[in-house]
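Listing of input18.cif, mmCIF, C-alpha atoms
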data_input
loop_
_atom_site.label_atom_id
_atom_site.label_comp_id
_atom_site.auth_asym_id
_atom_site.auth_seq_id
_atom_site.Cartn_x
_atom_site.Cartn_y
_atom_site.Cartn_z
CA MET A 1 -20.06 -39.93 -28.65
CA LYS A 2 -23.05 -38.15 -27.15
CA PRO A 3 -22.17 -34.79 -25.54
CA GLU A 4 -22.19 -34.59 -21.76
CA THR A 5 -24.81 -32.10 -20.60
CA ILE A 6 -24.22 -30.15 -17.39
CA ASP A 7 -25.18 -26.86 -15.80
CA VAL A 8 -21.74 -25.30 -15.37
CA LEU A 9 -18.35 -25.78 -17.04
CA ILE A 10 -15.53 -23.98 -15.21
CA VAL A 11 -12.15 -23.70 -16.92
CA GLY A 12 -9.32 -23.26 -14.44
CA ALA A 13 -8.92 -25.11 -11.13
CA GLY A 14 -7.16 -22.33 -9.26
CA ALA A 15 -8.44 -20.44 -6.26
CA ALA A 16 -11.31 -18.69 -8.08
CA GLY A 17 -12.35 -21.71 -10.13
CA MET A 18 -12.51 -24.05 -7.16
CA MET A 19 -14.43 -21.51 -5.10
CA CYS A 20 -16.96 -21.05 -7.88
CA ALA A 21 -17.37 -24.81 -8.36
CA ILE A 22 -18.00 -25.31 -4.64
CA GLU A 23 -20.66 -22.62 -4.48
CA ALA A 24 -22.43 -23.70 -7.69
CA GLY A 25 -22.37 -27.33 -6.56
CA ARG A 26 -23.84 -26.41 -3.19
CA ARG A 27 -26.72 -24.81 -5.06
CA GLY A 28 -27.50 -28.12 -6.73
CA ARG A 29 -25.85 -27.33 -10.07
CA SER A 30 -24.09 -30.08 -11.99
CA VAL A 31 -20.53 -28.78 -12.28
CA ARG A 32 -17.42 -29.89 -14.13
CA LEU A 33 -14.17 -28.11 -13.29
CA ILE A 34 -11.27 -28.68 -15.68
CA ASP A 35 -7.62 -27.67 -15.74
CA HIS A 36 -4.76 -28.59 -18.04
CA ALA A 37 -2.43 -28.89 -15.03
CA ARG A 38 -1.90 -32.21 -13.24
CA ALA A 39 -2.83 -30.79 -9.84
CA PRO A 40 -5.33 -28.15 -8.69
CA GLY A 41 -4.34 -24.88 -7.04
CA GLU A 42 -0.71 -24.76 -8.08
CA LYS A 43 -0.40 -21.03 -7.36
CA ILE A 44 -1.88 -21.68 -3.92
CA ARG A 45 0.74 -24.36 -3.32
CA ILE A 46 3.75 -22.14 -4.05
CA SER A 47 2.41 -18.92 -2.52
CA GLY A 48 3.73 -17.42 0.67
CA GLY A 49 6.85 -19.58 0.63
CA GLY A 50 4.64 -22.66 0.68
CA ARG A 51 2.40 -21.39 3.47
CA CYS A 52 -0.13 -19.47 1.36
CA ASN A 53 -0.87 -15.84 2.18
CA PHE A 54 -4.55 -16.71 1.78
CA THR A 55 -6.08 -13.31 2.57
CA ASN A 56 -5.50 -9.92 4.16
CA LEU A 57 -7.48 -8.56 7.10
CA GLY A 58 -7.42 -5.07 5.59
CA THR A 59 -8.83 -5.99 2.18
CA GLY A 60 -10.89 -3.27 0.52
CA PRO A 61 -11.36 -1.64 -2.88
CA ALA A 62 -8.43 0.72 -2.23
CA ASN A 63 -6.07 -2.27 -2.48
CA PHE A 64 -6.90 -2.99 -6.13
CA LEU A 65 -5.95 -1.62 -9.54
CA GLY A 66 -7.76 -1.68 -12.87
CA GLU A 67 -9.81 0.57 -15.11
CA ASN A 68 -12.42 0.59 -12.34
CA PRO A 69 -10.99 -0.61 -9.00
CA ARG A 70 -14.41 -0.02 -7.39
CA PHE A 71 -15.78 -2.89 -9.48
CA ALA A 72 -14.49 -5.29 -6.83
CA THR A 73 -16.52 -3.66 -4.04
CA SER A 74 -19.69 -5.76 -4.32
CA ALA A 75 -18.02 -9.17 -4.34
CA LEU A 76 -15.58 -8.21 -1.58
CA LYS A 77 -18.43 -7.07 0.66
CA ARG A 78 -20.67 -10.08 0.00
CA PHE A 79 -17.90 -12.59 0.65
CA SER A 80 -15.24 -10.88 2.73
CA GLN A 81 -11.87 -11.85 4.15
CA HIS A 82 -13.63 -12.63 7.42
CA ASP A 83 -15.94 -15.08 5.66
CA PHE A 84 -12.97 -16.94 4.20
CA VAL A 85 -11.19 -17.01 7.56
CA LYS A 86 -14.28 -18.67 9.03
CA ARG A 87 -13.96 -21.44 6.44
CA VAL A 88 -10.29 -21.87 7.25
CA ASP A 89 -11.16 -22.10 10.94
CA ARG A 90 -13.92 -24.66 10.30
CA ALA A 91 -11.40 -26.77 8.40
CA GLY A 92 -9.14 -26.75 11.46
CA ILE A 93 -6.30 -24.97 9.66
CA ALA A 94 -4.05 -23.04 12.04
CA TRP A 95 -2.93 -19.64 10.80
CA HIS A 96 -1.10 -16.53 11.89
CA GLU A 97 -0.92 -12.86 10.98
CA LYS A 98 2.51 -11.94 9.72
CA THR A 99 2.65 -8.21 8.89
CA LEU A 100 0.25 -5.62 7.52
CA GLY A 101 -2.78 -7.90 7.95
CA GLN A 102 -1.32 -10.78 5.92
CA LEU A 103 -2.62 -14.20 7.01
CA PHE A 104 -0.59 -17.39 6.45
CA CYS A 105 -1.05 -21.06 7.27
CA ASP A 106 1.03 -22.16 10.24
CA ASP A 107 1.83 -25.36 8.37
CA SER A 108 1.38 -25.79 4.63
CA ALA A 109 -0.45 -24.18 1.71
CA LYS A 110 -1.53 -27.70 0.80
CA GLN A 111 -4.02 -27.48 3.67
CA ILE A 112 -5.92 -24.76 1.79
CA ILE A 113 -5.93 -26.89 -1.37
CA ARG A 114 -7.15 -29.91 0.62
CA MET A 115 -9.93 -27.84 2.18
CA LEU A 116 -11.08 -26.73 -1.26
CA THR A 117 -10.90 -30.17 -2.89
CA ASP A 118 -12.77 -31.70 0.06
CA ASP A 119 -15.47 -29.05 -0.35
CA LEU A 120 -15.55 -29.73 -4.10
CA ARG A 121 -16.26 -33.41 -3.53
CA ALA A 122 -18.87 -32.66 -0.87
CA ALA A 123 -20.60 -30.25 -3.27
CA GLY A 124 -20.70 -32.90 -5.99
CA ALA A 125 -18.50 -31.02 -8.45
CA VAL A 126 -16.42 -33.12 -10.86
CA LEU A 127 -12.74 -32.18 -11.09
CA SER A 128 -10.96 -33.17 -14.32
CA LEU A 129 -7.19 -32.56 -14.41
CA GLY A 130 -4.88 -32.73 -17.41
CA VAL A 131 -7.79 -31.60 -19.58
CA SER A 132 -7.94 -28.46 -21.73
CA VAL A 133 -10.45 -26.82 -24.02
CA GLU A 134 -9.73 -27.39 -27.71
CA ARG A 135 -12.77 -25.53 -28.97
CA VAL A 136 -15.71 -23.72 -27.39
CA ASP A 137 -18.79 -22.30 -29.12
CA ARG A 138 -21.96 -20.54 -28.18
CA ILE A 139 -25.06 -22.63 -28.86
CA ALA A 140 -28.77 -21.95 -28.48
CA ASP A 141 -29.03 -22.89 -24.82
CA GLY A 142 -25.50 -22.26 -23.63
CA TYR A 143 -22.04 -23.47 -24.66
CA GLU A 144 -20.44 -26.48 -26.29
CA ALA A 145 -16.82 -27.29 -25.54
CA ALA A 146 -14.64 -29.93 -27.15
CA LEU A 147 -12.12 -31.10 -24.56
CA SER A 148 -8.68 -32.64 -24.98
CA ASP A 149 -9.84 -35.90 -23.36
CA GLY A 150 -12.07 -36.51 -26.37
CA THR A 151 -15.32 -35.55 -24.68
CA THR A 152 -17.76 -32.83 -25.68
CA VAL A 153 -19.53 -30.89 -22.95
CA ARG A 154 -22.65 -28.79 -23.28
CA SER A 155 -23.31 -26.40 -20.42
CA ARG A 156 -25.74 -23.64 -19.63
CA SER A 157 -22.93 -21.58 -18.08
CA LEU A 158 -19.23 -21.21 -18.91
CA VAL A 159 -16.83 -19.73 -16.35
CA LEU A 160 -13.43 -18.33 -17.37
CA ALA A 161 -11.11 -18.87 -14.40
CA THR A 162 -7.73 -19.55 -15.95
CA GLY A 163 -6.07 -16.41 -14.59
CA GLY A 164 -3.49 -14.31 -16.44
CA LYS A 165 -0.06 -14.81 -17.98
CA SER A 166 2.08 -14.68 -14.83
CA ILE A 167 4.44 -17.57 -14.03
CA PRO A 168 4.18 -19.39 -17.40
CA LYS A 169 6.34 -22.28 -16.13
CA MET A 170 3.28 -23.29 -14.10
CA GLY A 171 1.17 -23.38 -17.23
CA ALA A 172 -0.23 -19.85 -17.22
CA THR A 173 -1.53 -18.71 -20.62
CA GLY A 174 -3.71 -16.01 -22.10
CA TRP A 175 -6.51 -18.48 -22.87
CA ALA A 176 -9.17 -16.60 -20.93
CA TYR A 177 -8.41 -13.43 -22.88
CA ASP A 178 -8.66 -15.27 -26.20
CA ALA A 179 -11.96 -16.86 -25.18
CA ALA A 180 -13.33 -13.50 -24.05
CA ARG A 181 -12.42 -11.87 -27.36
CA GLN A 182 -14.04 -14.76 -29.21
CA PHE A 183 -17.31 -13.89 -27.51
CA GLY A 184 -16.93 -10.18 -28.19
CA LEU A 185 -15.64 -8.97 -24.83
CA ARG A 186 -13.02 -6.23 -24.58
CA VAL A 187 -9.66 -7.03 -22.99
CA THR A 188 -7.53 -4.23 -21.55
CA ASP A 189 -3.77 -4.05 -22.07
CA THR A 190 -1.98 -6.57 -19.88
CA ARG A 191 1.44 -6.38 -18.28
CA PRO A 192 3.42 -8.13 -15.53
CA ALA A 193 2.69 -6.87 -12.01
CA LEU A 194 4.12 -7.53 -8.56
CA VAL A 195 7.43 -8.09 -10.33
CA PRO A 196 11.11 -7.13 -9.75
CA LEU A 197 12.40 -4.10 -11.68
CA THR A 198 15.57 -4.11 -13.77
CA PHE A 199 18.32 -1.58 -14.52
CA GLU A 200 20.53 -0.84 -17.52
CA ALA A 201 24.03 -2.34 -17.61
CA GLY A 202 25.90 0.79 -16.54
CA LEU A 203 23.84 1.32 -13.41
CA LEU A 204 23.95 -2.39 -12.63
CA GLU A 205 27.74 -2.30 -12.69
CA THR A 206 27.71 0.59 -10.22
CA LEU A 207 25.29 -1.18 -7.88
CA LYS A 208 26.84 -4.65 -8.28
CA PRO A 209 28.41 -4.64 -4.78
CA LEU A 210 24.94 -4.18 -3.25
CA ALA A 211 23.45 -7.45 -4.58
CA GLY A 212 21.85 -9.21 -1.62
CA VAL A 213 21.52 -6.10 0.55
CA ALA A 214 18.04 -5.60 2.00
CA VAL A 215 16.73 -2.41 3.60
CA ASP A 216 13.37 -1.11 4.78
CA VAL A 217 12.32 1.70 2.47
CA SER A 218 9.53 4.01 1.42
CA VAL A 219 9.07 3.94 -2.36
CA SER A 220 6.85 5.83 -4.78
CA ALA A 221 6.53 6.05 -8.55
CA VAL A 222 7.35 9.31 -10.31
CA PRO A 223 4.94 9.66 -13.25
CA ALA A 224 6.32 10.91 -16.53
CA SER A 225 4.57 13.97 -17.94
CA SER A 226 2.91 11.77 -20.57
CA SER A 227 1.65 9.18 -18.08
CA PRO A 228 -2.03 8.92 -17.20
CA LYS A 229 -2.98 10.53 -13.92
CA GLY A 230 -4.16 8.41 -11.04
CA ASP A 231 -3.47 7.46 -7.46
CA ARG A 232 0.11 6.35 -6.94
CA PRO A 233 0.53 5.26 -3.35
CA THR A 234 3.76 5.06 -1.42
CA PHE A 235 4.75 1.66 -0.03
CA ASN A 236 6.73 1.19 3.17
CA GLU A 237 8.25 -2.27 3.11
CA ALA A 238 11.55 -4.04 2.46
CA MET A 239 13.64 -3.60 -0.70
CA LEU A 240 16.31 -5.97 -1.99
CA PHE A 241 19.17 -5.14 -4.35
CA THR A 242 19.65 -7.92 -6.93
CA HIS A 243 22.00 -8.72 -9.81
CA ARG A 244 19.31 -7.43 -12.19
CA GLY A 245 18.00 -4.44 -10.26
CA LEU A 246 15.58 -4.20 -7.35
CA SER A 247 13.15 -6.62 -5.72
CA GLY A 248 11.52 -7.13 -2.33
CA PRO A 249 7.95 -6.37 -1.22
CA ALA A 250 8.19 -2.58 -1.66
CA ILE A 251 9.42 -2.91 -5.25
CA LEU A 252 6.88 -5.59 -6.16
CA GLN A 253 4.16 -3.26 -4.88
CA ILE A 254 5.33 -0.20 -6.80
CA SER A 255 5.87 -2.24 -9.98
CA SER A 256 2.10 -2.34 -10.44
CA TYR A 257 2.07 1.47 -10.70
CA TRP A 258 5.38 2.02 -12.50
CA ARG A 259 5.51 2.38 -16.29
CA GLU A 260 8.42 2.28 -18.75
CA GLY A 261 10.17 5.64 -19.01
CA GLU A 262 9.28 6.61 -15.46
CA ALA A 263 11.41 6.82 -12.35
CA ILE A 264 10.88 5.69 -8.80
CA THR A 265 11.94 7.57 -5.68
CA VAL A 266 13.23 5.59 -2.71
CA ALA A 267 13.79 6.71 0.88
CA MET A 268 16.28 4.19 2.28
CA ALA A 269 16.07 5.51 5.84
CA PRO A 270 12.40 6.53 5.94
CA GLY A 271 11.42 8.71 8.86
CA GLU A 272 15.06 9.46 9.70
CA ASP A 273 16.51 12.98 9.61
CA LEU A 274 19.92 11.81 8.45
CA HIS A 275 21.27 15.34 8.32
CA ALA A 276 20.53 15.82 12.02
CA ARG A 277 21.82 12.35 12.94
CA LEU A 278 25.07 12.80 11.04
CA LYS A 279 25.53 16.31 12.41
CA ALA A 280 25.17 14.94 15.95
CA ALA A 281 27.64 12.15 15.14
CA LYS A 282 30.08 14.78 13.84
CA GLU A 283 29.90 16.73 17.07
CA GLU A 284 30.35 13.58 19.14
CA ASN A 285 33.19 12.04 17.12
CA GLY A 286 34.43 14.10 14.18
CA LYS A 287 37.25 11.66 13.49
CA GLN A 288 34.74 9.02 12.37
CA MET A 289 34.71 8.33 8.64
CA VAL A 290 31.56 9.55 6.89
CA HIS A 291 30.66 6.14 5.46
CA THR A 292 31.19 4.56 8.89
CA ALA A 293 28.82 7.00 10.57
CA LEU A 294 26.23 6.48 7.81
CA GLY A 295 26.72 2.72 8.15
CA HIS A 296 25.27 2.93 11.66
CA LEU A 297 22.01 4.20 10.15
CA ILE A 298 21.68 2.10 6.99
CA PRO A 299 23.39 -1.17 5.91
CA ARG A 300 27.16 -0.73 5.73
CA ARG A 301 27.56 -1.73 2.08
CA LEU A 302 24.76 0.64 1.12
CA ALA A 303 26.40 3.47 3.09
CA GLU A 304 29.70 2.87 1.27
CA SER A 305 27.94 2.78 -2.10
CA VAL A 306 26.06 6.05 -1.50
CA CYS A 307 29.21 7.82 -0.36
CA ASP A 308 31.09 6.58 -3.43
CA ARG A 309 28.26 7.66 -5.75
CA GLU A 310 28.18 11.13 -4.20
CA ALA A 311 32.02 11.34 -4.03
CA ILE A 312 31.85 12.09 -0.31
CA LYS A 313 35.00 10.91 1.45
CA GLY A 314 37.00 11.55 4.56
CA LYS A 315 36.11 12.16 8.18
CA LEU A 316 32.94 13.79 9.48
CA ALA A 317 34.97 16.73 10.75
CA GLU A 318 36.13 17.37 7.18
CA VAL A 319 32.68 17.71 5.57
CA GLY A 320 30.41 20.71 5.80
CA ASP A 321 26.71 21.04 6.52
CA LYS A 322 25.86 21.31 2.82
CA THR A 323 27.53 17.97 2.15
CA LEU A 324 25.65 16.27 4.98
CA ARG A 325 22.38 17.58 3.54
CA ARG A 326 23.36 16.22 0.11
CA LEU A 327 24.06 12.86 1.69
CA ASP A 328 20.65 12.91 3.38
CA ALA A 329 19.01 13.63 0.02
CA ALA A 330 20.99 10.85 -1.67
CA VAL A 331 19.72 8.31 0.86
CA ASN A 332 16.13 9.49 1.31
CA GLY A 333 15.48 10.94 -2.12
CA TRP A 334 17.18 8.41 -4.39
CA THR A 335 15.47 8.76 -7.77
CA VAL A 336 16.29 6.06 -10.29
CA LYS A 337 14.80 5.01 -13.61
CA PRO A 338 14.38 1.25 -14.17
CA VAL A 339 14.53 0.08 -17.79
CA GLY A 340 12.03 -2.74 -17.37
CA SER A 341 10.87 -5.63 -15.24
CA GLU A 342 11.68 -9.33 -15.05
CA GLY A 343 8.44 -9.98 -16.94
CA TYR A 344 5.81 -12.67 -16.61
CA ARG A 345 8.48 -15.22 -15.70
CA THR A 346 8.61 -13.94 -12.13
CA ALA A 347 5.52 -11.72 -11.95
CA GLU A 348 3.09 -12.81 -9.26
CA VAL A 349 0.05 -11.49 -11.13
CA THR A 350 -1.06 -9.95 -14.42
CA LEU A 351 -2.20 -6.34 -14.47
CA GLY A 352 -5.18 -5.77 -16.77
CA GLY A 353 -7.46 -8.38 -18.28
CA ILE A 354 -11.07 -8.76 -19.33
CA ALA A 355 -12.62 -5.32 -18.99
CA THR A 356 -14.91 -4.96 -16.01
CA ASP A 357 -17.32 -2.65 -17.82
CA GLN A 358 -18.27 -5.79 -19.74
CA LEU A 359 -19.23 -7.60 -16.51
CA ASP A 360 -21.97 -7.44 -13.89
CA GLN A 361 -20.28 -6.67 -10.56
CA GLN A 362 -22.91 -8.64 -8.61
CA THR A 363 -22.65 -11.88 -10.59
CA MET A 364 -19.45 -11.60 -12.69
CA GLU A 365 -21.56 -12.47 -15.75
CA ALA A 366 -20.79 -10.86 -19.10
CA ARG A 367 -23.48 -8.27 -19.78
CA SER A 368 -23.67 -9.01 -23.51
CA VAL A 369 -23.10 -12.79 -23.37
CA PRO A 370 -25.61 -14.61 -21.14
CA GLY A 371 -24.14 -17.51 -19.20
CA LEU A 372 -20.51 -16.41 -19.60
CA TYR A 373 -18.72 -15.56 -16.33
CA VAL A 374 -15.25 -14.13 -15.65
CA ILE A 375 -13.58 -14.50 -12.25
CA GLY A 376 -10.27 -14.09 -10.49
CA GLU A 377 -7.17 -12.81 -12.24
CA ALA A 378 -8.75 -13.18 -15.69
CA ALA A 379 -10.73 -10.01 -14.97
CA ASP A 380 -9.14 -6.56 -14.94
CA VAL A 381 -8.88 -6.50 -11.14
CA THR A 382 -5.39 -6.69 -9.65
CA GLY A 383 -4.60 -6.58 -5.95
CA TRP A 384 -1.61 -5.43 -3.99
CA LEU A 385 0.92 -7.90 -2.65
CA GLY A 386 -0.14 -9.46 0.63
CA GLY A 387 -3.13 -11.78 0.16
CA TYR A 388 -5.38 -9.36 -1.72
CA ASN A 389 -5.37 -11.29 -4.99
CA PHE A 390 -6.38 -14.50 -3.24
CA GLN A 391 -9.24 -12.67 -1.55
CA TRP A 392 -10.39 -11.39 -4.93
CA ALA A 393 -10.31 -14.99 -6.18
CA TRP A 394 -12.43 -16.20 -3.24
CA SER A 395 -14.87 -13.28 -3.50
CA SER A 396 -15.33 -13.27 -7.27
CA GLY A 397 -15.55 -17.07 -7.37
CA TRP A 398 -18.17 -17.01 -4.63
CA ALA A 399 -20.19 -14.29 -6.42
CA ALA A 400 -20.25 -16.20 -9.71
CA GLY A 401 -21.05 -19.42 -7.87
CA GLN A 402 -24.27 -17.86 -6.56
CA ALA A 403 -25.44 -17.08 -10.10
CA CYS A 404 -24.06 -19.52 -12.65
#

What would the structure in this file look like if it were written as structure tokens?
Amino acid sequence: MKPETIDVLIVGAGAAGMMCAIEAGRRGRSVRLIDHARAPGEKIRISGGGRCNFTNLGTGPANFLGENPRFATSALKRFSQHDFVKRVDRAGIAWHEKTLGQLFCDDSAKQIIRMLTDDLRAAGAVLSLGVSVERVDRIADGYEAALSDGTTVRSRSLVLATGGKSIPKMGATGWAYDAARQFGLRVTDTRPALVPLTFEAGLLETLKPLAGVAVDVSVSAVPASSSPKGDRPTFNEAMLFTHRGLSGPAILQISSYWREGEAITVAMAPGEDLHARLKAAKEENGKQMVHTALGHLIPRRLAESVCDREAIKGKLAEVGDKTLRRLDAAVNGWTVKPVGSEGYRTAEVTLGGIATDQLDQQTMEARSVPGLYVIGEAADVTGWLGGYNFQWAWSSGWAAGQAC
């Protein structure tokens, strides 16, 4: 069978791949977009509780991790969150801002997928689902790929858009990394990110009564002495105690910065001077039990757990100022060492990927391999929780689509 000859072959019909295919097609390129899944945009479909947190109004380079977080600057500026919102508006998709600049569909994430697939068709791009790459080689004028549907495709450009390893039950693999290595590109160490953290059995037994308790916290990572230096922000969001350890937005955020062997510090009543509040409560009603008074300031079960852990019992009138200060520190300076994370199974993204020093930040093209492009999560650019990773997908896909 004679090979099909096209301008651009894009592997991965997720957010970045579809965006790239739309832009390349609009430029008159012949484009084939393939994915081994049976439907496009599966991560879009499940994101945001089915409503897709499709971008964040505050997106900027500071919201990304990687060897060089500034690498994302060019693409983010050239196709910004505001540019994507304009497309959503033109498609008639109603949306709302939830918290911290996070934008969600009022209705369904499927509206975003429909917008993208409609744009794909209008741009003339061909979408092939249930199709994977069995072999890909560099040839004189581009690339030749043998596909699982029995066809062979020759293309001037090849775009790696298959993402990382997170959520393998949805078909995520490390294919993009393998392909990049095949063509001589460096891949940084990868690990699960935006993922719940786990505790050892003894600590879990102690915290077992707290499973299901949620509390607004301020959390930061505590680097070990051997850990590489770097910015480690503090996140102020909700935390959830689970049967395995800790989850919730604040924990998912800090998981991207945490490393094995390190601790995290959690303030479970951030901004509150618990010592002063408990001292006032003591003066007002000294007969009140300590855990009861604390339970007015943080969730009751959490108050009981902290008091048990610190062996602080009895009535407020029976405890001294030093004890109240210790209780304050136990709540707002809780330092705990997770033993691991729940892994790629529940991780929302993959930290690390194809090294950005191998790529042109304007075009996303590999510097040493003409015609090879890397976009979205496959690259070593990882965003915070809250729509940042989708914006990177839109921006990097758009940038590559202008060049491939």

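In this model, the gap between atom CA of Arg156 of chain A and atom CA of Asp360 of chain A comes to 17.6 Å.
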
Contacts of Arg326 of chain A at 12 Å (only C-alpha atoms; same-chain gap of 3+ positions) as a list in words: Leu274, His275, Leu278, Val306, Cys307, Arg309, Glu310, Ala311, Ile312, Val319, Gly320, Asp321, Lys322, Thr323, Ala329, Ala330, Val331, Asn332, Gly333 and Trp334 of chain A

Atom CA of Gly41 of chain A to atom CA of Val381 of chain A, distance in Å rounded to a single decimal: 19.4 Å

Polymer residues at most 12 Å from segment 43-49 of chain A, only C-alpha atoms, same-chain spacing of 4 or more positions, as an MDAnalysis selection string: chainID A and resid 12:16 18 37 39 53:55 98 102:116 162:164 166:172 249 347:349 377 385:387 389:391 393:394

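With all atoms listed in the file as the atoms that count, the residue of A:Leu327, A:Gly50, A:Gly245, A:Asn56 with the shortest distance to Gly202 of chain A is A:Gly245.
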
Separation of atom CA of Pro196 of chain A from atom CA of Glu342 of chain A in Å: 5.8 Å

Residues selected by the PyMOL selection byres ((chain A and resi 402) around 8), written as a PyMOL selection string: chain A and resi 23-24+27+363+398-401+403-404

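Among A:Thr335, A:Ser256, A:Gln288, A:Thr173, the residue with the shortest atom-to-atom distance to Ser218 of chain A, counting all atoms listed in the file, is A:Thr335.
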
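Applied to the file shown here, the PyMOL selection byres ((chain A and resi 158) around 8) selects A:Val8, A:Leu9, A:Ile10, A:Val11, A:Gly142, A:Tyr143, A:Ser155, A:Arg156, A:Ser157, A:Val159, A:Leu160, A:Gly371, A:Leu372, A:Tyr373.
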
Expansion of the PyMOL selection byres ((chain A and resi 182-194) around 6) into residues, as a VMD selection string: chain A and resid 179 to 181 195 252 to 253 255 to 256 343 to 344 347 to 355

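Protein, DNA and RNA residues at most 9 Å from (28.4, 11.7, 12.2), with only C-alpha atoms, are these: His275, Ala276, Arg277, Leu278, Lys279, Ala280, Ala281, Lys282, Glu283, Glu284, Asn285, Gly286, Lys287, Gln288, Met289, Val290, Thr292, Ala293, Leu294, Lys315, Leu316, Ala317 and Leu324 of chain A.
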
Cut-off 12 Å around (-8.9, 1.7, -9.8) with only C-alpha atoms: residues as a PyMOL selection string: chain A and resi 60-73+229-233+256-257+351-352+356+380-384

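Shortest separation to Phe79 of chain A among A:Ala201, A:Met19, A:Asp178, A:Ala140 occurs at residue A:Met19, atoms counted being only C-alpha atoms.
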
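The shortest atom-to-atom distance to Val369 of chain A, with all atoms listed in the file taken into account, belongs to A:Asp141 out of A:Gln81, A:Leu33, A:Asp141, A:Asp89.
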
So which residues touch Lys337 of chain A within 10 Å, counting only C-alpha atoms, skipping near sequence neighbours fewer than 4 positions away, as a PDB file with C-alpha atoms, in the coordinates of the input?
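Below is the file that was written, result-v3.pdb:
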ATOM      1  CA  LEU A 197      12.400  -4.100 -11.680  1.00  0.00           C
ATOM      2  CA  THR A 198      15.570  -4.110 -13.770  1.00  0.00           C
ATOM      3  CA  PHE A 199      18.320  -1.580 -14.520  1.00  0.00           C
ATOM      4  CA  GLU A 200      20.530  -0.840 -17.520  1.00  0.00           C
ATOM      5  CA  LEU A 203      23.840   1.320 -13.410  1.00  0.00           C
ATOM      6  CA  ALA A 221       6.530   6.050  -8.550  1.00  0.00           C
ATOM      7  CA  VAL A 222       7.350   9.310 -10.310  1.00  0.00           C
ATOM      8  CA  TRP A 258       5.380   2.020 -12.500  1.00  0.00           C
ATOM      9  CA  GLU A 260       8.420   2.280 -18.750  1.00  0.00           C
ATOM     10  CA  GLY A 261      10.170   5.640 -19.010  1.00  0.00           C
ATOM     11  CA  GLU A 262       9.280   6.610 -15.460  1.00  0.00           C
ATOM     12  CA  ALA A 263      11.410   6.820 -12.350  1.00  0.00           C
ATOM     13  CA  ILE A 264      10.880   5.690  -8.800  1.00  0.00           C
ATOM     14  CA  THR A 265      11.940   7.570  -5.680  1.00  0.00           C
TER      15      THR A 265
END

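Closest to Phe235 of chain A among A:Val136, A:His296, A:Arg345, A:Leu100 is A:Leu100, based on all atoms listed in the file.
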